[in-house]
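**Q** Handing you a structure now.
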Amino acid sequence: QGRLQPLLRAHRCQTYGEYLNFLQQADAKQLQAFINALTTNLTAFFREQHHFGVLEELLAARRSHAWRIWCSAASTGEEPYSIAMTATEVLGASGNFQLVNSDIDTKVLATAARGVYKADGVKGLSPDRLQRNFMRGKGPNAGLMRIKPELQKHMEFLTVNLIQDLPFREPFDIVFCRNVMIYFDATTQRQVLERIHRVMKPGGMLF
């Protein structure tokens, strides 16, 4: 309710039914604004640290492999960049990996693509990781940290709705789909997992 009330007021709708009727007649921009308001975007760098230990082991076992990784709920980018940092630490700066990052929320995805964070948001990272992966803002950008281009070159960002057909033609070695399934009912969870399965290589790893 807290997220949607500003949209109801903006379009002079008294009830959710009126707003729903408005959306059914509205353009794609208004529908996307509704989706962006509705999505939950709680995230952090290296959230659930133990998963990244597993990722390290996977990458270390095949260092020369051309890795394709999909982060399916990229949010504002903390998870994708954590994956990329882990990959460069294991494979080296010239490691052969491509990281495709998606979200249904275009607003948070734009933040992820920019790769700029407040200093408070990265304070949990070690000084070594900060030095290797971030540039510190100066002057009007003081207090901000930007992901280095060397890390961003591995990244691709696109809008994807997990409950629709997926747009990928090449399969993935690794898929991250964490803290997403809790928002779906059991039937939708199965459908999403079937779609993910179809875009994974045999023997691939799903987080």
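Each chain in the structure tokens gets a letter, A, B and so on, in the order shown; residues start at 1 in every chain, and ligands are counted from 1 in the order they appear.
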Near A:Gln131, within 12 Å and counting only C-alpha atoms, which residues show up once chain neighbours fewer than 3 positions away are dropped, as a VMD selection string?
**A** chain A and resid 85 122 125 to 128 134 to 136 145 to 148
**Q** Among stretch 5-188 of chain A, which ones does DSSP assign to helix (DSSP H, G or I) (computed from the backbone)? Answer as a ChimeraX atom specification.
**A** /A:5-10,16-25,28-38,49-61,78-91,106-114,119-122,127-133,139-141,149-152,181-183,186-188
**Q** Pick from A:Phe34, A:Trp70, A:Phe46, A:Tyr81: nearest to A:Glu150, with only C-alpha atoms counted?
**A**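 When distances to A:Glu150 are compared using only C-alpha atoms, the smallest one comes from A:Tyr81.
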**Q** So that I can check the surroundings of stretch 169-184 of chain A, please list as a ChimeraX atom specification every protein, DNA and RNA residue that reaches within 8 Å of it, counting only C-alpha atoms and ignoring chain neighbours fewer than 3 positions away.
**A** /A:67-73,187-189,196,198-201,203-207
**Q** Stretch 44-197 of chain A: which residues are strand (DSSP E) by DSSP, as a ChimeraX atom specification?
**A** /A:67-71,97-103,116-118,134-136,144-147,155-159,172-176
**Q** With only C-alpha atoms as the counted atoms, please give the residues lying no more than 8 Å from A:Phe157, apart from itself and same-chain residues fewer than 3 positions off, as an mmCIF file with N, CA and C atoms, in the first residue's frame.
**A**
```
data_model
loop_
_atom_site.group_PDB
_atom_site.id
_atom_site.type_symbol
_atom_site.label_atom_id
_atom_site.label_comp_id
_atom_site.auth_asym_id
_atom_site.auth_seq_id
_atom_site.Cartn_x
_atom_site.Cartn_y
_atom_site.Cartn_z
ATOM 1 N N VAL A 100 25.781 -12.007 -17.392
ATOM 2 C CA VAL A 100 24.538 -11.395 -17.837
ATOM 3 C C VAL A 100 23.678 -11.129 -16.599
ATOM 4 N N ASN A 101 23.220 -9.896 -16.449
ATOM 5 C CA ASN A 101 22.481 -9.498 -15.253
ATOM 6 C C ASN A 101 21.119 -8.949 -15.638
ATOM 7 N N SER A 102 20.091 -9.450 -14.979
ATOM 8 C CA SER A 102 18.747 -9.023 -15.357
ATOM 9 C C SER A 102 17.912 -8.699 -14.123
ATOM 10 N N LEU A 109 17.867 -1.575 -12.213
ATOM 11 C CA LEU A 109 18.808 -2.095 -13.208
ATOM 12 C C LEU A 109 19.692 -0.976 -13.754
ATOM 13 N N ALA A 113 23.781 -0.835 -13.687
ATOM 14 C CA ALA A 113 24.607 -0.582 -14.862
ATOM 15 C C ALA A 113 25.571 0.574 -14.635
#
```
**Q** Got a sec: who's within 9 Å of A:Gly143, counting only C-alpha atoms, leaving out chain neighbours fewer than 3 positions off, as a VMD selection string?
**A** chain A and resid 117 to 120 136 to 138 140
**Q** Would you save the residues from that selection as an mmCIF file, in the first residue's frame, using all heavy atoms?
**A**
```
data_model
loop_
_atom_site.group_PDB
_atom_site.id
_atom_site.type_symbol
_atom_site.label_atom_id
_atom_site.label_comp_id
_atom_site.auth_asym_id
_atom_site.auth_seq_id
_atom_site.Cartn_x
_atom_site.Cartn_y
_atom_site.Cartn_z
ATOM 1 N N TYR A 117 28.127 3.709 -6.055
ATOM 2 C CA TYR A 117 27.541 3.428 -4.746
ATOM 3 C C TYR A 117 28.048 4.419 -3.709
ATOM 4 O O TYR A 117 29.166 4.927 -3.811
ATOM 5 C CB TYR A 117 27.878 1.994 -4.314
ATOM 6 C CG TYR A 117 27.360 0.968 -5.278
ATOM 7 C CD1 TYR A 117 28.163 0.488 -6.317
ATOM 8 C CD2 TYR A 117 26.051 0.517 -5.194
ATOM 9 C CE1 TYR A 117 27.675 -0.426 -7.232
ATOM 10 C CE2 TYR A 117 25.549 -0.397 -6.109
ATOM 11 C CZ TYR A 117 26.361 -0.855 -7.122
ATOM 12 O OH TYR A 117 25.866 -1.752 -8.034
ATOM 13 N N LYS A 118 27.227 4.667 -2.702
ATOM 14 C CA LYS A 118 27.666 5.477 -1.579
ATOM 15 C C LYS A 118 28.732 4.712 -0.789
ATOM 16 O O LYS A 118 28.676 3.483 -0.705
ATOM 17 C CB LYS A 118 26.480 5.826 -0.676
ATOM 18 C CG LYS A 118 25.475 6.755 -1.322
ATOM 19 C CD LYS A 118 24.327 7.077 -0.376
ATOM 20 C CE LYS A 118 23.335 8.024 -1.037
ATOM 21 N NZ LYS A 118 22.189 8.313 -0.133
ATOM 22 N N ALA A 119 29.672 5.452 -0.225
ATOM 23 C CA ALA A 119 30.755 4.821 0.529
ATOM 24 C C ALA A 119 30.216 3.944 1.648
ATOM 25 O O ALA A 119 30.772 2.872 1.940
ATOM 26 C CB ALA A 119 31.694 5.888 1.089
ATOM 27 N N ASP A 120 29.105 4.353 2.270
ATOM 28 C CA ASP A 120 28.503 3.549 3.334
ATOM 29 C C ASP A 120 28.060 2.182 2.827
ATOM 30 O O ASP A 120 28.065 1.199 3.565
ATOM 31 C CB ASP A 120 27.292 4.274 3.927
ATOM 32 C CG ASP A 120 27.694 5.410 4.853
ATOM 33 O OD1 ASP A 120 28.904 5.518 5.156
ATOM 34 O OD2 ASP A 120 26.818 6.195 5.252
ATOM 35 N N ARG A 136 37.450 5.917 -6.077
ATOM 36 C CA ARG A 136 36.856 6.788 -5.070
ATOM 37 C C ARG A 136 36.543 8.156 -5.673
ATOM 38 O O ARG A 136 37.379 8.759 -6.335
ATOM 39 C CB ARG A 136 37.824 6.930 -3.884
ATOM 40 C CG ARG A 136 37.195 7.548 -2.630
ATOM 41 C CD ARG A 136 38.198 7.558 -1.486
ATOM 42 N NE ARG A 136 38.601 6.216 -1.097
ATOM 43 C CZ ARG A 136 37.915 5.448 -0.250
ATOM 44 N NH1 ARG A 136 36.791 5.915 0.280
ATOM 45 N NH2 ARG A 136 38.343 4.248 0.051
ATOM 46 N N GLY A 137 35.330 8.636 -5.456
ATOM 47 C CA GLY A 137 34.917 9.917 -6.001
ATOM 48 C C GLY A 137 35.610 11.089 -5.332
ATOM 49 O O GLY A 137 35.931 11.047 -4.147
ATOM 50 N N LYS A 138 35.846 12.147 -6.104
ATOM 51 C CA LYS A 138 36.480 13.359 -5.586
ATOM 52 C C LYS A 138 35.605 14.568 -5.913
ATOM 53 O O LYS A 138 34.751 14.524 -6.804
ATOM 54 C CB LYS A 138 37.871 13.538 -6.211
ATOM 55 C CG LYS A 138 38.846 12.415 -5.884
ATOM 56 C CD LYS A 138 40.182 12.631 -6.590
ATOM 57 C CE LYS A 138 41.157 11.478 -6.293
ATOM 58 N NZ LYS A 138 42.443 11.643 -7.016
ATOM 59 N N PRO A 140 32.794 17.010 -6.297
ATOM 60 C CA PRO A 140 31.336 16.853 -6.156
ATOM 61 C C PRO A 140 30.902 15.395 -5.995
ATOM 62 O O PRO A 140 29.778 15.127 -5.582
ATOM 63 C CB PRO A 140 30.788 17.446 -7.458
ATOM 64 C CG PRO A 140 31.925 17.387 -8.420
ATOM 65 C CD PRO A 140 33.173 17.572 -7.599
#
```
**Q** Write out as a ChimeraX atom specification the residues lying within 10 Å of A:Gly53, counting only C-alpha atoms and excluding same-chain residues fewer than 5 positions away.
**A** /A:48,58,86
**Q** How would the residues just chosen look if you wrote them out with all heavy atoms as a PDB file, in the first residue's frame?
**A**
```
ATOM      1  N   GLU A  48      25.048 -13.592   1.910  1.00  0.00           N
ATOM      2  CA  GLU A  48      25.163 -15.048   2.023  1.00  0.00           C
ATOM      3  C   GLU A  48      26.523 -15.509   1.477  1.00  0.00           C
ATOM      4  O   GLU A  48      26.630 -16.157   0.435  1.00  0.00           O
ATOM      5  CB  GLU A  48      23.993 -15.730   1.310  1.00  0.00           C
ATOM      6  CG  GLU A  48      22.660 -15.439   1.996  1.00  0.00           C
ATOM      7  CD  GLU A  48      21.449 -15.865   1.195  1.00  0.00           C
ATOM      8  OE1 GLU A  48      21.167 -15.224   0.169  1.00  0.00           O
ATOM      9  OE2 GLU A  48      20.809 -16.836   1.610  1.00  0.00           O
ATOM     10  N   LEU A  58      33.980 -23.750  -7.929  1.00  0.00           N
ATOM     11  CA  LEU A  58      33.546 -24.076  -9.295  1.00  0.00           C
ATOM     12  C   LEU A  58      34.488 -23.460 -10.331  1.00  0.00           C
ATOM     13  O   LEU A  58      34.936 -24.143 -11.264  1.00  0.00           O
ATOM     14  CB  LEU A  58      32.137 -23.542  -9.535  1.00  0.00           C
ATOM     15  CG  LEU A  58      30.958 -24.298  -8.950  1.00  0.00           C
ATOM     16  CD1 LEU A  58      29.689 -23.482  -9.126  1.00  0.00           C
ATOM     17  CD2 LEU A  58      30.804 -25.649  -9.620  1.00  0.00           C
ATOM     18  N   THR A  86      34.474 -12.023  -7.397  1.00  0.00           N
ATOM     19  CA  THR A  86      34.898 -13.401  -7.108  1.00  0.00           C
ATOM     20  C   THR A  86      35.550 -14.027  -8.333  1.00  0.00           C
ATOM     21  O   THR A  86      36.601 -14.679  -8.238  1.00  0.00           O
ATOM     22  CB  THR A  86      33.689 -14.246  -6.666  1.00  0.00           C
ATOM     23  OG1 THR A  86      33.083 -13.651  -5.517  1.00  0.00           O
ATOM     24  CG2 THR A  86      34.105 -15.667  -6.323  1.00  0.00           C
TER      25      THR A  86
END
```
**Q** Could you list, as a list of chain:residue names, every residue within 8 Å of A:Ala110, counting only C-alpha atoms and ignoring same-chain residues fewer than 4 positions away?
**A**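 My list of contacting residues is A:Thr76, A:Thr106, A:Arg114.
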**Q** Pick out the closest residue to A:Thr39 from this set: A:Gln152, A:Asn141, A:Asn96, A:Asn161. Count only C-alpha atoms.
**A**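 Nearest to A:Thr39: A:Asn161.
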**Q** Any idea what the distance is between atom CA of A:Gly115 and atom CA of A:Thr159?
**A**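 Rounded to one decimal, the two atoms are 16.5 Å apart.
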**Q** Smallest atom-to-atom distance to A:Thr43: which of A:Glu18, A:Lys29, A:Glu79, A:Leu144, using only C-alpha atoms?
**A**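 Smallest separation from A:Thr43 among the options: A:Glu79.
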**Q** Pick the closest to A:Ile83 from A:Met155, A:Leu23, A:Leu38, A:Ala61: which is it, counting only C-alpha atoms?
**A**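 Result for the nearest residue to A:Ile83: A:Met155.
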